[in-house]
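Right, one structure below, let's go through it.
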There are 2 protein chains.
Amino acid sequence: MQPLPDLSRLSLNQATTQGWGVREAVEGCARAGIPWIGLWRDKIAAAGVAESARLARDAGLKVSSLCRGGYFPAATKAEREARIEDNRRAIDEAAELGTDVLVLVCGPAPGRDIDGARRMVEEGIAAIIPYAAERGVRLGIEPLHPIFAGDRSVIVTLGQANAIAERLASPQVGVVIDVYHVWWDPVVYQEIARAAPYTLGFHVNDWLAPPPHPLLGRGMMGDGTIELRRLRAAVDAAGYRGPIEVEIFNQAIWDAPGDETLALMKERYREYV
Amino acid sequence: MQPLPDLSRLSLNQATTQGWGVREAVEGCARAGIPWIGLWRDKIAAAGVAESARLARDAGLKVSSLCRGGYFPAATKAEREARIEDNRRAIDEAAELGTDVLVLVCGPAPGRDIDGARRMVEEGIAAIIPYAAERGVRLGIEPLHPIFAGDRSVIVTLGQANAIAERLASPQVGVVIDVYHVWWDPVVYQEIARAAPYTLGFHVNDWLAPPPHPLLGRGMMGDGTIELRRLRAAVDAAGYRGPIEVEIFNQAIWDAPGDETLALMKERYREYV
């Protein structure tokens, strides 16, 4: 398994530099020679969508994805429709930012009925396909680690995400694979191969053991237990050639100066991804 | 799905009452009318194995299981053999305590090679089968939630545990199902049915959302997101009629007086399990 030849696929997912707004993140990437950026809705709301698009374009950056749509399950029909409408706004934003990938974090169950919530997720994605097609945006279902099954996503395996993508069978629908969320799965390599026709994104970071925090415990590549290169090679072998986002939720990394984080990220990307 | 008719299957897993030694836990169960107890090796080491067995017997309690054997993967052959030897001692202890179930927490990988560690788990279990048969003890593979994949168990799904049990095909080997570890799994009901011939134990508690702590975030039944009765009914429908252990790692519950915890446990068992 060879290292990547250069940084041409490297993307900074904004979640890694929480202290930075869109302008600082874009300027940081430009200084560091990182060609891609993954943006978040709260950050582009603060900076303005048009202004965020202009900042990235002027700096010569490509936008790898927008995080995040999703959160489909809700207790009432009215609330589910409001969520669907919000996803249409996220699709608009992705289109305006010039990315064709909207990452979907599917959401938790409103009560204890996890299977019912899974059906709501699939219905919600189906409902936004026509609008996504109109705007030229693809929907990347991101299965989350089962630690988030109760509060963030009832879709917790790549196998589930693949099954939804296959049932919906739309060119608008695919999956986003984040090593943190899938590394533990005994069938992850089969599911990566299965996702070949519709893999829309690949995220890297690491799993710290023991996990220091339920949400903010992600590590920098190389600091944890994940076979990063093996997973990246598998995603590549399946045919994925797109950007590789570094997405790390970790308070210590957020507290570090952004330029140092980007420098470390590049070094670890070369060494471990 | 009907509630359980009485408390005849209820067991206190000692992990729920960390402040109590074996004597206190046995006396607590006797006072509360809880007929079963699940013991831990550190607690019986402190009390003495023979003395622990005597305490339970004199109080009229049945021992549902001993926690825990396992931790098979290690970097060197010598260390793996030492772990196997330690599992034989755990089998001795289970036999002396009068329980025929040793719960196996399979252990993490010594490095990043998770598939290699999974093979070490299977080899380790295979190695102790003859000794377990000699002592009349069964080995219950307990898959842990994927949050523990890096530091406690490379066996993270009931499907994996079932596959090992089926490959080893020994009357000594089965699985232990803990709702906390399996509730998120999209195929959990199929795997519960598959485990019917060799389900050796069933543990209940709840999943708090969001998880307050990576290890000590388990909740009392009814306080979280798990469909407890549906899971218990599925395990029963598969033919399991054995004890149901309440196992909760939670600092707030540990800080509460043990008798209050047992009273609450009984109430919630009747209402939710």
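Identifiers in this document derive from the order of the structure tokens: chains are assigned A, B, ..., residues are numbered from 1 separately in each chain, and ligands are numbered from 1 in order of occurrence.
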Report as a list in words the set of chain B residues whose atoms approach chain A to within 7 Å, with distances computed over only C-alpha atoms.
Arg112, Pro146, Ile147, Ala149, Gly150, Asp151, Trp184, Ala209, Pro210, Pro211, His213, Pro214, Thr225, Ile226 and Glu227 of chain B
With C-alpha atoms retained, write the just-selected residues as a PDB file, in the first residue's frame.
ATOM      1  CA  ARG B 112      -3.602  -1.704  14.691  1.00  0.00           C
ATOM      2  CA  PRO B 146     -18.079  -0.712  19.011  1.00  0.00           C
ATOM      3  CA  ILE B 147     -17.172   2.137  21.357  1.00  0.00           C
ATOM      4  CA  ALA B 149     -13.317  -1.687  19.780  1.00  0.00           C
ATOM      5  CA  GLY B 150     -10.035   0.065  20.552  1.00  0.00           C
ATOM      6  CA  ASP B 151      -9.552  -0.773  24.201  1.00  0.00           C
ATOM      7  CA  TRP B 184     -27.954  -0.229  17.745  1.00  0.00           C
ATOM      8  CA  ALA B 209     -28.418   9.806  24.876  1.00  0.00           C
ATOM      9  CA  PRO B 210     -26.157  11.602  24.475  1.00  0.00           C
ATOM     10  CA  PRO B 211     -23.764   9.262  26.293  1.00  0.00           C
ATOM     11  CA  HIS B 213     -19.192   9.181  29.518  1.00  0.00           C
ATOM     12  CA  PRO B 214     -17.404   6.677  27.257  1.00  0.00           C
ATOM     13  CA  THR B 225     -33.260   4.719  24.184  1.00  0.00           C
ATOM     14  CA  ILE B 226     -33.240   0.910  24.144  1.00  0.00           C
ATOM     15  CA  GLU B 227     -36.323  -1.117  23.218  1.00  0.00           C
TER      16      GLU B 227
END
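All residues of protein, DNA or RNA that reach within 12 Å of Arg54 in chain B, judged by only C-alpha atoms and not counting those fewer than 4 positions away in the chain, are B:Val22, B:Arg23, B:Val26, B:Ile44, B:Ala47, B:Gly48, B:Val49, B:Ala50, B:Asp58, B:Ala59, B:Gly60, B:Leu61, B:Lys62, B:Val63, B:Glu96, B:Leu97, B:Gly98.
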Write out as a PDB file with C-alpha atoms, in the first residue's frame the residues lying within 7 Å of Gln172 in chain B, counting only C-alpha atoms and excluding same-chain residues fewer than 5 positions away.
ATOM      1  CA  ILE B 129     -12.415 -25.433  25.346  1.00  0.00           C
ATOM      2  CA  ALA B 132     -13.789 -25.736  30.185  1.00  0.00           C
ATOM      3  CA  ALA B 133     -15.358 -29.067  29.239  1.00  0.00           C
ATOM      4  CA  VAL B 137     -18.047 -24.464  32.423  1.00  0.00           C
ATOM      5  CA  ARG B 138     -19.413 -22.796  29.298  1.00  0.00           C
ATOM      6  CA  LEU B 139     -17.746 -19.834  27.654  1.00  0.00           C
TER       7      LEU B 139
END
May I have the residues within 10 Å of Ala196 in chain A as number ranges by chain, using only C-alpha atoms and disregarding those fewer than 4 positions away in the same chain?
A: 162, 174-175, 191-192, 200, 234-240
Skipping near chain neighbours, those fewer than 4 positions away, what residues fall within 12 Å of Gln14 in chain A using only C-alpha atoms, listed as an MDAnalysis selection string?
chainID A and resid 18:26 28:29 36:44 63:68 245:249 254 258 261:262
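From CA of Leu144 in chain A back to CA of Asn250 in chain B, the distance works out to 24.2 Å.
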Just the residues within 10 Å of Ile253 in chain B, please, counting only C-alpha atoms, with nothing from its chain fewer than 6 positions along; format it as a PyMOL selection string.
chain B and resi 16-19+216+218-220+260-261
Keeping only N, CA and C atoms, write those residues as a PDB file, in the first residue's frame.
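Result file follows (selection.pdb):
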ATOM      1  N   THR B  16     -22.940  -3.465  38.978  1.00  0.00           N
ATOM      2  CA  THR B  16     -23.942  -2.430  39.247  1.00  0.00           C
ATOM      3  C   THR B  16     -23.762  -1.806  40.635  1.00  0.00           C
ATOM      4  N   THR B  17     -23.157  -2.584  41.535  1.00  0.00           N
ATOM      5  CA  THR B  17     -22.980  -2.098  42.915  1.00  0.00           C
ATOM      6  C   THR B  17     -21.497  -2.140  43.275  1.00  0.00           C
ATOM      7  N   GLN B  18     -20.741  -1.223  42.641  1.00  0.00           N
ATOM      8  CA  GLN B  18     -19.281  -1.239  42.819  1.00  0.00           C
ATOM      9  C   GLN B  18     -18.854  -1.006  44.258  1.00  0.00           C
ATOM     10  N   GLY B  19     -19.677  -0.301  45.010  1.00  0.00           N
ATOM     11  CA  GLY B  19     -19.296  -0.007  46.392  1.00  0.00           C
ATOM     12  C   GLY B  19     -19.385  -1.225  47.311  1.00  0.00           C
ATOM     13  N   LEU B 216     -18.605   4.980  31.686  1.00  0.00           N
ATOM     14  CA  LEU B 216     -19.543   4.956  32.814  1.00  0.00           C
ATOM     15  C   LEU B 216     -20.877   5.621  32.476  1.00  0.00           C
ATOM     16  N   ARG B 218     -23.696   4.083  31.262  1.00  0.00           N
ATOM     17  CA  ARG B 218     -24.886   3.231  31.150  1.00  0.00           C
ATOM     18  C   ARG B 218     -25.980   3.706  32.073  1.00  0.00           C
ATOM     19  N   GLY B 219     -27.200   3.500  31.635  1.00  0.00           N
ATOM     20  CA  GLY B 219     -28.323   3.961  32.424  1.00  0.00           C
ATOM     21  C   GLY B 219     -29.135   2.832  33.022  1.00  0.00           C
ATOM     22  N   MET B 220     -29.976   3.178  33.983  1.00  0.00           N
ATOM     23  CA  MET B 220     -30.954   2.259  34.544  1.00  0.00           C
ATOM     24  C   MET B 220     -32.033   1.992  33.498  1.00  0.00           C
ATOM     25  N   GLU B 260     -31.058   1.024  47.693  1.00  0.00           N
ATOM     26  CA  GLU B 260     -31.911   1.851  46.820  1.00  0.00           C
ATOM     27  C   GLU B 260     -31.766   1.428  45.369  1.00  0.00           C
ATOM     28  N   THR B 261     -30.537   1.132  44.978  1.00  0.00           N
ATOM     29  CA  THR B 261     -30.300   0.694  43.599  1.00  0.00           C
ATOM     30  C   THR B 261     -31.064  -0.592  43.315  1.00  0.00           C
TER      31      THR B 261
END
Please return as an MDAnalysis selection string: the residues of range 47-238 of chain A that backbone DSSP assigns to strand (DSSP E).
chainID A and resid 62:70 101:105 138:141 173:178 199:204 206:207 218:219
Kindly export the residues of the current selection with N, CA and C atoms, as a short mmCIF file (atom, residue, chain, number, x, y, z; two decimals), in the first residue's frame.
data_model
loop_
_atom_site.label_atom_id
_atom_site.label_comp_id
_atom_site.auth_asym_id
_atom_site.auth_seq_id
_atom_site.Cartn_x
_atom_site.Cartn_y
_atom_site.Cartn_z
N LYS A 62 -11.22 24.47 -3.94
CA LYS A 62 -12.43 23.74 -4.34
C LYS A 62 -13.16 23.30 -3.07
N VAL A 63 -14.48 23.34 -3.11
CA VAL A 63 -15.28 22.94 -1.94
C VAL A 63 -15.63 21.45 -2.09
N SER A 64 -15.13 20.64 -1.16
CA SER A 64 -15.31 19.19 -1.30
C SER A 64 -16.71 18.74 -0.90
N SER A 65 -17.30 19.41 0.08
CA SER A 65 -18.65 19.03 0.52
C SER A 65 -19.19 20.10 1.44
N LEU A 66 -20.51 20.02 1.65
CA LEU A 66 -21.15 20.81 2.69
C LEU A 66 -21.69 19.85 3.74
N CYS A 67 -21.36 20.12 5.01
CA CYS A 67 -21.89 19.39 6.16
C CYS A 67 -22.89 20.29 6.86
N ARG A 68 -24.02 19.92 7.13
CA ARG A 68 -24.64 18.67 6.86
C ARG A 68 -26.13 18.84 6.73
N GLY A 69 -26.72 18.02 5.90
CA GLY A 69 -28.16 17.84 5.88
C GLY A 69 -28.52 16.64 6.73
N GLY A 70 -29.79 16.24 6.67
CA GLY A 70 -30.19 15.04 7.39
C GLY A 70 -31.18 15.31 8.49
N VAL A 101 -21.66 17.82 -3.31
CA VAL A 101 -21.90 16.82 -2.26
C VAL A 101 -22.45 17.47 -0.99
N LEU A 102 -23.65 17.06 -0.62
CA LEU A 102 -24.21 17.41 0.69
C LEU A 102 -24.13 16.18 1.57
N VAL A 103 -23.40 16.30 2.69
CA VAL A 103 -23.26 15.17 3.62
C VAL A 103 -24.51 15.08 4.50
N LEU A 104 -25.07 13.87 4.60
CA LEU A 104 -26.26 13.67 5.42
C LEU A 104 -25.93 12.93 6.72
N VAL A 105 -26.17 13.61 7.83
CA VAL A 105 -26.16 12.93 9.14
C VAL A 105 -27.62 12.67 9.45
N ARG A 138 -25.49 15.99 -5.02
CA ARG A 138 -25.64 14.60 -4.62
C ARG A 138 -25.69 14.51 -3.09
N LEU A 139 -26.39 13.50 -2.61
CA LEU A 139 -26.65 13.34 -1.18
C LEU A 139 -25.80 12.19 -0.66
N GLY A 140 -24.86 12.49 0.22
CA GLY A 140 -23.95 11.47 0.73
C GLY A 140 -24.38 11.01 2.12
N ILE A 141 -24.96 9.83 2.19
CA ILE A 141 -25.39 9.27 3.48
C ILE A 141 -24.13 8.88 4.25
N VAL A 173 -27.97 9.85 -5.04
CA VAL A 173 -27.75 9.31 -3.68
C VAL A 173 -26.53 8.41 -3.61
N GLY A 174 -25.68 8.68 -2.63
CA GLY A 174 -24.51 7.84 -2.41
C GLY A 174 -24.14 7.82 -0.94
N VAL A 175 -22.90 7.47 -0.66
CA VAL A 175 -22.46 7.39 0.73
C VAL A 175 -21.16 8.17 0.93
N VAL A 176 -20.95 8.58 2.18
CA VAL A 176 -19.70 9.20 2.58
C VAL A 176 -19.09 8.30 3.65
N ILE A 177 -17.84 7.94 3.47
CA ILE A 177 -17.19 6.98 4.37
C ILE A 177 -16.18 7.72 5.25
N ASP A 178 -16.41 7.67 6.56
CA ASP A 178 -15.49 8.28 7.52
C ASP A 178 -14.87 7.15 8.34
N THR A 199 -19.64 6.09 -3.99
CA THR A 199 -18.90 6.70 -2.88
C THR A 199 -18.65 8.17 -3.22
N LEU A 200 -19.17 9.06 -2.38
CA LEU A 200 -19.11 10.48 -2.68
C LEU A 200 -18.10 11.23 -1.82
N GLY A 201 -17.52 10.57 -0.83
CA GLY A 201 -16.56 11.26 0.02
C GLY A 201 -15.85 10.29 0.94
N PHE A 202 -14.68 10.70 1.40
CA PHE A 202 -13.88 9.88 2.30
C PHE A 202 -13.25 10.80 3.34
N HIS A 203 -13.48 10.48 4.62
CA HIS A 203 -12.99 11.31 5.72
C HIS A 203 -11.97 10.54 6.56
N VAL A 204 -10.91 11.22 6.97
CA VAL A 204 -9.90 10.58 7.81
C VAL A 204 -9.66 11.34 9.11
N ASP A 206 -8.58 9.68 13.48
CA ASP A 206 -8.16 8.44 14.13
C ASP A 206 -9.03 8.17 15.35
N TRP A 207 -8.97 6.93 15.81
CA TRP A 207 -9.75 6.52 16.99
C TRP A 207 -8.78 6.39 18.17
N ARG A 218 -11.98 12.37 18.91
CA ARG A 218 -11.29 11.94 17.70
C ARG A 218 -9.84 12.38 17.73
N GLY A 219 -9.00 11.58 17.11
CA GLY A 219 -7.59 11.87 17.11
C GLY A 219 -7.07 12.28 15.75
#
Using CA of Arg57 in chain B and CA of Arg83 in chain B as the two end points, give the distance in Å to one decimal.
29.6 Å
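One finds CA of Gln190 in chain A at 13.0 Å from CA of Ala163 in chain A.
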Of the listed residues B:Ile128, B:Leu231, B:Ala46, B:Ala193, that which approaches Ile244 in chain B most closely, counting only C-alpha atoms
B:Leu231
Any idea what's packed within 9 Å of range 1-7 of chain A, counting only C-alpha atoms, ignoring anything in its chain fewer than 5 positions away? Could you give it as a PDB file with N, CA and C atoms, in the first residue's frame?
ATOM      1  N   GLY A  33      -1.247  25.369   1.240  1.00  0.00           N
ATOM      2  CA  GLY A  33      -1.257  24.611  -0.004  1.00  0.00           C
ATOM      3  C   GLY A  33      -2.214  23.424   0.015  1.00  0.00           C
ATOM      4  N   ILE A  34      -3.277  23.561   0.788  1.00  0.00           N
ATOM      5  CA  ILE A  34      -4.322  22.515   0.822  1.00  0.00           C
ATOM      6  C   ILE A  34      -5.398  22.923  -0.188  1.00  0.00           C
ATOM      7  N   PRO A  35      -5.650  22.086  -1.194  1.00  0.00           N
ATOM      8  CA  PRO A  35      -6.465  22.545  -2.322  1.00  0.00           C
ATOM      9  C   PRO A  35      -7.976  22.465  -2.142  1.00  0.00           C
ATOM     10  N   ARG A 229      -4.191   3.486   6.212  1.00  0.00           N
ATOM     11  CA  ARG A 229      -3.765   3.281   4.825  1.00  0.00           C
ATOM     12  C   ARG A 229      -4.510   2.119   4.184  1.00  0.00           C
ATOM     13  N   ARG A 230      -4.758   1.099   4.980  1.00  0.00           N
ATOM     14  CA  ARG A 230      -5.502  -0.044   4.443  1.00  0.00           C
ATOM     15  C   ARG A 230      -6.911   0.379   4.010  1.00  0.00           C
ATOM     16  N   ALA A 233      -6.619   2.642   0.918  1.00  0.00           N
ATOM     17  CA  ALA A 233      -6.306   1.829  -0.261  1.00  0.00           C
ATOM     18  C   ALA A 233      -7.553   1.077  -0.739  1.00  0.00           C
ATOM     19  N   LYS A 266      -0.992  17.821   7.341  1.00  0.00           N
ATOM     20  CA  LYS A 266      -0.291  17.483   6.090  1.00  0.00           C
ATOM     21  C   LYS A 266       0.752  16.410   6.333  1.00  0.00           C
ATOM     22  N   TYR A 269      -0.976  13.099   7.055  1.00  0.00           N
ATOM     23  CA  TYR A 269      -1.629  12.630   5.826  1.00  0.00           C
ATOM     24  C   TYR A 269      -0.595  11.914   4.959  1.00  0.00           C
ATOM     25  N   ARG A 270       0.586  12.513   4.821  1.00  0.00           N
ATOM     26  CA  ARG A 270       1.643  11.887   4.018  1.00  0.00           C
ATOM     27  C   ARG A 270       2.093  10.575   4.650  1.00  0.00           C
ATOM     28  N   GLU A 271       2.185  10.573   5.969  1.00  0.00           N
ATOM     29  CA  GLU A 271       2.752   9.404   6.646  1.00  0.00           C
ATOM     30  C   GLU A 271       1.748   8.263   6.828  1.00  0.00           C
ATOM     31  N   TYR A 272       0.500   8.573   7.112  1.00  0.00           N
ATOM     32  CA  TYR A 272      -0.444   7.518   7.515  1.00  0.00           C
ATOM     33  C   TYR A 272      -1.591   7.256   6.543  1.00  0.00           C
ATOM     34  N   VAL A 273      -1.933   8.257   5.702  1.00  0.00           N
ATOM     35  CA  VAL A 273      -3.091   8.058   4.820  1.00  0.00           C
ATOM     36  C   VAL A 273      -2.590   7.541   3.463  1.00  0.00           C
TER      37      VAL A 273
END
